$ cat target_14.txt   # compact mmCIF, C-alpha atoms and all ligand atoms
# COMPACT_ATOMS: atom_id res chain seq x y z
CA MET A 1 0.00 0.00 0.00
CA ARG A 2 1.50 3.31 -1.02
CA PHE A 3 0.03 6.73 -0.91
CA ALA A 4 1.51 10.15 -1.09
CA VAL A 5 1.12 13.46 0.66
CA PHE A 6 1.84 16.53 -1.43
CA ALA A 7 2.53 19.69 0.49
CA THR A 8 3.55 23.13 -0.69
CA PHE A 9 5.26 25.51 1.63
CA GLY A 10 2.61 27.62 3.27
CA LEU A 11 0.97 24.39 4.42
CA ALA A 12 -1.50 23.96 1.63
CA LEU A 13 -1.95 20.21 2.00
CA ALA A 14 -3.61 17.64 -0.15
CA VAL A 15 -3.72 13.87 0.18
CA SER A 16 -3.77 11.59 -2.77
CA ALA A 17 -4.34 7.88 -2.25
CA ASP A 18 -3.82 5.12 -4.74
CA ARG A 19 -7.16 3.37 -4.86
CA GLY A 20 -6.14 0.58 -7.18
CA SER A 21 -7.78 -2.80 -6.88
CA ASN A 22 -4.98 -4.14 -4.64
CA CYS A 23 -5.10 -1.28 -2.18
CA VAL A 24 -7.09 -0.91 1.01
CA GLU A 25 -7.79 2.05 3.20
CA PRO A 26 -5.47 2.55 6.18
CA ARG A 27 -6.69 0.59 9.19
CA SER A 28 -5.90 3.23 11.73
CA ASN A 29 -6.53 6.93 11.81
CA SER A 30 -3.99 7.49 14.58
CA MET A 31 -1.45 8.93 12.19
CA LYS A 32 0.19 12.31 12.62
CA PHE A 33 2.70 14.26 10.61
CA SER A 34 5.22 16.68 11.93
CA LEU A 35 6.62 18.90 9.17
CA VAL A 36 9.43 21.39 9.65
CA SER A 37 10.82 23.41 6.75
CA GLN A 38 13.32 26.15 7.42
CA LYS A 39 16.00 28.23 5.79
CA ASN A 40 19.49 27.75 7.19
CA THR A 41 22.17 30.38 7.58
CA THR A 42 23.46 29.80 4.04
CA GLY A 43 20.03 30.36 2.57
CA GLN A 44 19.23 26.75 1.81
CA TRP A 45 15.84 25.30 2.57
CA THR A 46 15.75 22.10 4.55
CA ALA A 47 12.75 20.01 5.44
CA GLN A 48 12.07 17.29 7.93
CA LEU A 49 8.99 15.14 8.07
CA GLN A 50 8.17 12.80 10.88
CA LEU A 51 5.37 10.30 10.90
CA ILE A 52 3.84 9.11 14.15
CA HIS A 53 1.73 6.04 13.61
CA ASP A 54 -0.14 4.34 16.44
CA GLY A 55 1.84 6.45 18.86
CA ARG A 56 5.21 5.31 17.52
CA LYS A 57 7.66 7.39 15.55
CA THR A 58 8.90 5.98 12.27
CA ASP A 59 12.37 5.47 13.71
CA GLU A 60 11.08 3.22 16.45
CA ARG A 61 9.80 -0.28 15.85
CA SER A 62 7.20 0.90 13.40
CA SER A 63 7.91 -0.35 9.91
CA TRP A 64 6.15 2.53 8.20
CA GLU A 65 8.63 4.34 6.03
CA VAL A 66 8.59 7.94 4.89
CA ASP A 67 10.52 9.26 1.90
CA LEU A 68 10.59 13.04 1.56
CA GLU A 69 11.61 14.89 -1.58
CA GLN A 70 12.00 18.65 -1.72
CA SER A 71 12.50 21.05 -4.60
CA VAL A 72 12.77 24.84 -4.58
CA ILE A 73 11.49 27.03 -7.42
CA SER A 74 12.44 30.70 -7.57
CA CYS A 75 10.05 32.92 -9.50
CA ASN A 76 9.71 36.72 -9.53
CA GLY A 77 11.69 37.01 -6.33
CA GLN A 78 9.62 34.45 -4.49
CA GLU A 79 10.57 30.93 -3.52
CA ARG A 80 8.14 28.07 -3.75
CA ILE A 81 8.95 24.90 -1.85
CA ASN A 82 7.47 21.67 -3.14
CA LEU A 83 7.54 18.73 -0.78
CA THR A 84 6.51 15.22 -1.70
CA ALA A 85 6.24 12.63 1.02
CA THR A 86 5.72 9.00 0.14
CA LEU A 87 4.51 6.68 2.86
CA THR A 88 5.06 2.96 2.53
CA ALA A 89 2.99 0.79 4.81
CA PRO A 90 4.38 -2.52 6.05
CA PRO A 91 3.09 -5.58 4.24
CA GLU A 92 0.62 -7.73 6.11
CA PRO A 93 2.21 -10.79 7.75
CA PRO A 94 1.67 -13.74 5.40
CA THR A 95 0.63 -15.83 8.40
CA PRO A 96 -1.18 -14.54 11.49
CA GLY A 97 0.94 -14.29 14.59
CA TYR A 98 4.11 -13.29 12.80
CA GLU A 99 5.66 -9.94 13.60
CA LEU A 100 7.57 -7.90 11.09
CA PHE A 101 10.98 -6.57 12.06
CA PRO A 102 12.12 -4.13 9.38
CA ARG A 103 15.09 -5.31 7.30
CA MET A 104 15.13 -8.58 9.30
CA GLY A 105 12.02 -10.60 8.54
CA TYR A 106 8.89 -11.97 10.18
CA TYR A 107 9.27 -13.82 13.45
CA LYS A 108 7.07 -15.85 15.73
CA PHE A 109 7.93 -17.31 19.09
CA HIS A 110 6.10 -20.50 19.98
CA PRO A 111 6.03 -20.63 23.78
CA THR A 112 4.78 -24.24 23.94
CA GLY A 113 7.46 -26.90 23.85
CA HIS A 114 7.85 -29.36 20.98
CA ILE A 115 10.57 -31.83 20.09
CA TRP A 116 12.87 -30.43 17.41
CA LYS A 117 11.48 -32.23 14.37
CA ASP A 118 7.92 -31.28 15.33
CA ALA A 119 9.01 -27.66 15.80
CA LEU A 120 10.55 -27.87 12.33
CA SER A 121 7.20 -29.08 10.96
CA VAL A 122 5.16 -26.39 12.72
CA CYS A 123 7.28 -23.63 11.20
CA MET A 124 7.04 -25.22 7.74
CA GLN A 125 3.27 -25.51 8.03
CA GLU A 126 3.18 -21.78 8.71
CA GLY A 127 5.20 -21.06 5.58
CA ALA A 128 8.29 -20.30 7.66
CA HIS A 129 11.34 -22.13 8.95
CA LEU A 130 12.99 -22.62 12.30
CA ALA A 131 14.83 -19.37 12.89
CA ILE A 132 18.49 -18.95 11.99
CA ILE A 133 20.49 -16.14 13.58
CA ASN A 134 22.71 -14.25 11.15
CA SER A 135 23.87 -11.31 13.24
CA LYS A 136 24.17 -9.87 16.70
CA ALA A 137 21.16 -7.69 15.89
CA GLU A 138 19.10 -10.76 15.08
CA ALA A 139 20.29 -12.42 18.29
CA ASN A 140 19.04 -9.37 20.18
CA LEU A 141 15.72 -9.61 18.37
CA ILE A 142 15.39 -13.26 19.46
CA LYS A 143 16.37 -12.30 22.99
CA GLY A 144 13.70 -9.59 23.02
CA LEU A 145 10.97 -11.92 21.77
CA PHE A 146 11.96 -14.54 24.35
CA ALA A 147 11.80 -11.91 27.12
CA ARG A 148 8.11 -11.30 26.42
CA TYR A 149 7.41 -14.74 27.86
CA LEU A 150 8.64 -15.12 31.41
CA GLU A 151 7.49 -18.71 31.34
CA VAL A 152 7.01 -21.22 28.56
CA LYS A 153 4.78 -24.29 28.58
CA SER A 154 5.59 -27.98 28.19
CA SER A 155 9.28 -27.25 27.90
CA THR A 156 12.15 -29.09 29.52
CA ASP A 157 13.41 -25.84 30.88
CA ASN A 158 12.35 -22.22 30.80
CA ASN A 159 15.56 -20.79 29.44
CA HIS A 160 16.10 -22.45 26.05
CA ALA A 161 14.33 -22.59 22.71
CA PHE A 162 15.03 -24.43 19.48
CA LEU A 163 16.54 -22.82 16.40
CA GLY A 164 17.14 -24.06 12.86
CA TYR A 165 20.57 -25.70 13.08
CA HIS A 166 21.85 -29.17 13.93
CA ASP A 167 24.82 -31.55 13.77
CA HIS A 168 22.86 -34.60 12.61
CA TYR A 169 25.43 -35.58 9.96
CA ASN A 170 28.80 -34.96 11.61
CA GLU A 171 29.13 -34.55 15.33
CA GLY A 172 30.23 -31.04 16.15
CA GLN A 173 29.83 -29.83 12.55
CA TYR A 174 26.82 -27.58 12.85
CA GLU A 175 24.83 -26.56 9.85
CA THR A 176 21.58 -24.71 9.35
CA ILE A 177 18.40 -26.35 8.14
CA LEU A 178 19.12 -24.56 4.85
CA GLY A 179 22.42 -26.47 4.53
CA GLN A 180 24.82 -23.64 5.40
CA PRO A 181 27.70 -24.22 7.84
CA LEU A 182 26.65 -22.55 11.07
CA ASN A 183 30.02 -20.83 11.44
CA SER A 184 29.42 -18.92 8.19
CA THR A 185 25.99 -17.53 9.03
CA GLY A 186 27.34 -14.38 10.66
CA TYR A 187 26.54 -15.47 14.21
CA TYR A 188 28.38 -18.30 15.96
CA VAL A 189 28.37 -17.44 19.65
CA PHE A 190 27.74 -20.31 22.03
CA THR A 191 27.06 -19.79 25.68
CA SER A 192 29.83 -20.74 28.10
CA GLY A 193 30.72 -24.45 28.12
CA GLN A 194 28.66 -25.18 25.00
CA PRO A 195 28.22 -27.07 22.76
CA ASN A 196 28.60 -30.08 25.05
CA ASN A 197 26.62 -32.86 23.30
CA ALA A 198 25.69 -34.19 26.73
CA ALA A 199 23.07 -36.89 27.39
CA ILE A 200 19.82 -35.60 28.88
CA GLY A 201 16.88 -37.85 29.73
CA ILE A 202 16.08 -40.18 26.84
CA ASP A 203 18.45 -38.34 24.54
CA PRO A 204 21.94 -39.87 24.40
CA ASP A 205 23.40 -36.66 22.96
CA GLN A 206 22.56 -33.16 21.71
CA ASP A 207 22.31 -32.69 17.96
CA CYS A 208 19.70 -29.95 17.66
CA GLY A 209 20.19 -26.24 17.74
CA GLY A 210 19.03 -24.00 20.51
CA VAL A 211 19.33 -20.54 21.97
CA THR A 212 19.35 -19.24 25.53
CA ARG A 213 17.32 -16.34 26.88
CA GLU A 214 20.50 -14.29 26.49
CA GLY A 215 20.53 -14.92 22.74
CA LEU A 216 23.51 -17.29 22.92
CA LEU A 217 23.70 -20.66 21.16
CA ASN A 218 23.53 -24.03 22.89
CA ASP A 219 23.16 -27.51 21.43
CA LEU A 220 20.05 -29.24 22.79
CA PRO A 221 18.68 -32.79 22.86
CA CYS A 222 16.42 -33.34 19.84
CA ASN A 223 13.75 -35.48 21.50
CA THR A 224 13.21 -33.19 24.43
CA ARG A 225 10.57 -30.48 24.25
CA TYR A 226 11.51 -26.83 24.01
CA ALA A 227 9.82 -23.63 22.90
CA PHE A 228 10.99 -22.50 19.46
CA PHE A 229 11.33 -19.61 17.05
CA CYS A 230 10.04 -19.53 13.48
CA GLU A 231 11.27 -17.06 10.89
CA MET A 232 9.92 -15.98 7.53
CA GLU A 233 12.12 -14.13 5.06
CA LEU A 234 11.11 -10.74 3.75
CA PRO A 235 9.56 -10.92 0.27
CA CA B 301 25.85 -33.04 18.79
CA CA B 302 24.27 -28.25 25.07
$ encode --input "target_14.txt" --output "structure tokens" --more "lines below"
Ligand SMILES: [Ca+2]
Ligand SMILES: [Ca+2]
Amino acid sequence: MRFAVFATFGLALAVSADRGSNCVEPRSNSMKFSLVSQKNTTGQWTAQLQLIHDGRKTDERSSWEVDLEQSVISCNGQERINLTATLTAPPEPPTPGYELFPRMGYYKFHPTGHIWKDALSVCMQEGAHLAIINSKAEANLIKGLFARYLEVKSSTDNNHAFLGYHDHYNEGQYETILGQPLNSTGYYVFTSGQPNNAAIGIDPDQDCGGVTREGLLNDLPCNTRYAFFCEMELP
């Protein structure tokens, strides 16, 4: 959904919305603009536009984006400032329950424990995959989602969740569920003393990927139930 706001200096304001067959009206009317246009000491006009949508500024976790273009026309000693602001609304999550994180993807935390292969299936059924961490920023995102749930259900412990990596084929050689070596994903930070491949309960070893509440990696037993993260790539 894209629509544009055209403003001329002097605050004559008009709104033009694309009403094509694939467009819908905005769902919320809690949208405010803050527009500042001023001449600096060298005589140049500058403009700043800020969008506040649902109480959040565009530079916070809102994924609304604002592009502002400005041109100055001088005519008969007068200056006319043309401003064009283009708002781009975030796409709807392809599957309910997924949250968009701009430039990262859609994520969903499942707070009810599953064994690893069932967690893998749940994510696939939702059109996603078990999450793979590719950066410190993504690890922080996972940590933040985990922190929303002080307790998880039907999980072996409250402090771990499954991710999309494993060492099913070669012990200690971790790879993602997409076949990439884990140490080339951009994030390979295990928590202290891990991976340890230790036996827990009915599991003789640990071949499935996990993450701690601190966003650090830990190998986990595959047939033990943990909460898990699904991830959907941006289109
Ligand atoms: Ca292992
Ligand atoms: Ca471990």
$ atom_distance --input "target_14.txt" --atom1 "atom CA of Asn158 of chain A" --atom2 "atom CA of Tyr106 of chain A"
23.3 Å
$ residues_around --input "target_14.txt" --residues "Glu151 of chain A" --least-positions-apart "2" --cutoff "12 Å" --atoms "only C-alpha atoms" --output "ChimeraX atom specification"
/A:110-113,146-149,153-161,213,226-227
$ residues_near_ligand --input "target_14.txt" --ligand "ligand CA 302 (chain B)" --cutoff "12 Å" --atoms "only C-alpha atoms and all ligand atoms" --output "PyMOL selection string"
chain A and resi 160-162+166-167+172+190-200+203-212+216-222
$ atom_distance --input "target_14.txt" --atom1 "atom CA of Ser121 of chain A" --atom2 "atom CA of His168 of chain A"
16.7 Å
$ closest_residue --input "target_14.txt" --among "A:Asn40, A:Thr185, A:Thr84, A:Gln50" --to "Tyr165 of chain A" --atoms "all atoms listed in the file"
A:Thr185
$ atom_distance --input "target_14.txt" --atom1 "atom CA of Ala139 of chain A" --atom2 "atom CA of Ile52 of chain A"
27.4 Å
$ residues_around --input "target_14.txt" --residues "Ser37 of chain A" --least-positions-apart "3" --cutoff "8 Å" --atoms "only C-alpha atoms" --output "number ranges by chain"
A: 9, 45-48
$ residues_around --input "target_14.txt" --residues "Tyr188 of chain A" --least-positions-apart "6" --cutoff "10 Å" --atoms "only C-alpha atoms" --output "MDAnalysis selection string"
chainID A and resid 133:136 174 182 216:217
$ residues_around --input "target_14.txt" --residues "His129 of chain A" --least-positions-apart "4" --cutoff "9 Å" --atoms "only C-alpha atoms" --output "number ranges by chain"
A: 120-125, 164, 177, 229-233
$ axis_aligned_box --input "target_14.txt" --around "segment 97-102 of chain A" --padding-each-side "4 Å" --output "JSON"
{"center_x": 6.5, "center_y": -9.2, "center_z": 12.0, "size_x": 19.2, "size_y": 18.2, "size_z": 13.2}
$ closest_residue --input "target_14.txt" --among "A:Gln173, A:Thr224, A:Asn183, A:Ser71" --to "ligand CA 301 (chain B)" --atoms "all atoms listed in the file"
A:Gln173
$ closest_residue --input "target_14.txt" --among "A:Phe33, A:Tyr98, A:Phe109, A:Tyr169" --to "ligand CA 301 (chain B)" --atoms "only C-alpha atoms and all ligand atoms"
A:Tyr169
$ closest_residue --input "target_14.txt" --among "A:Glu171, A:Asn140, A:Ser184, A:Gln78" --to "ligand CA 301 (chain B)" --atoms "only C-alpha atoms and all ligand atoms"
A:Glu171
$ closest_residue --input "target_14.txt" --among "A:Asp67, A:Glu126, A:Asp118, A:Glu175" --to "ligand CA 301 (chain B)" --atoms "all atoms listed in the file"
A:Glu175
$ closest_residue --input "target_14.txt" --among "A:Pro181, A:Asn170, A:Val66, A:Lys32" --to "ligand CA 301 (chain B)" --atoms "all atoms listed in the file"
A:Asn170
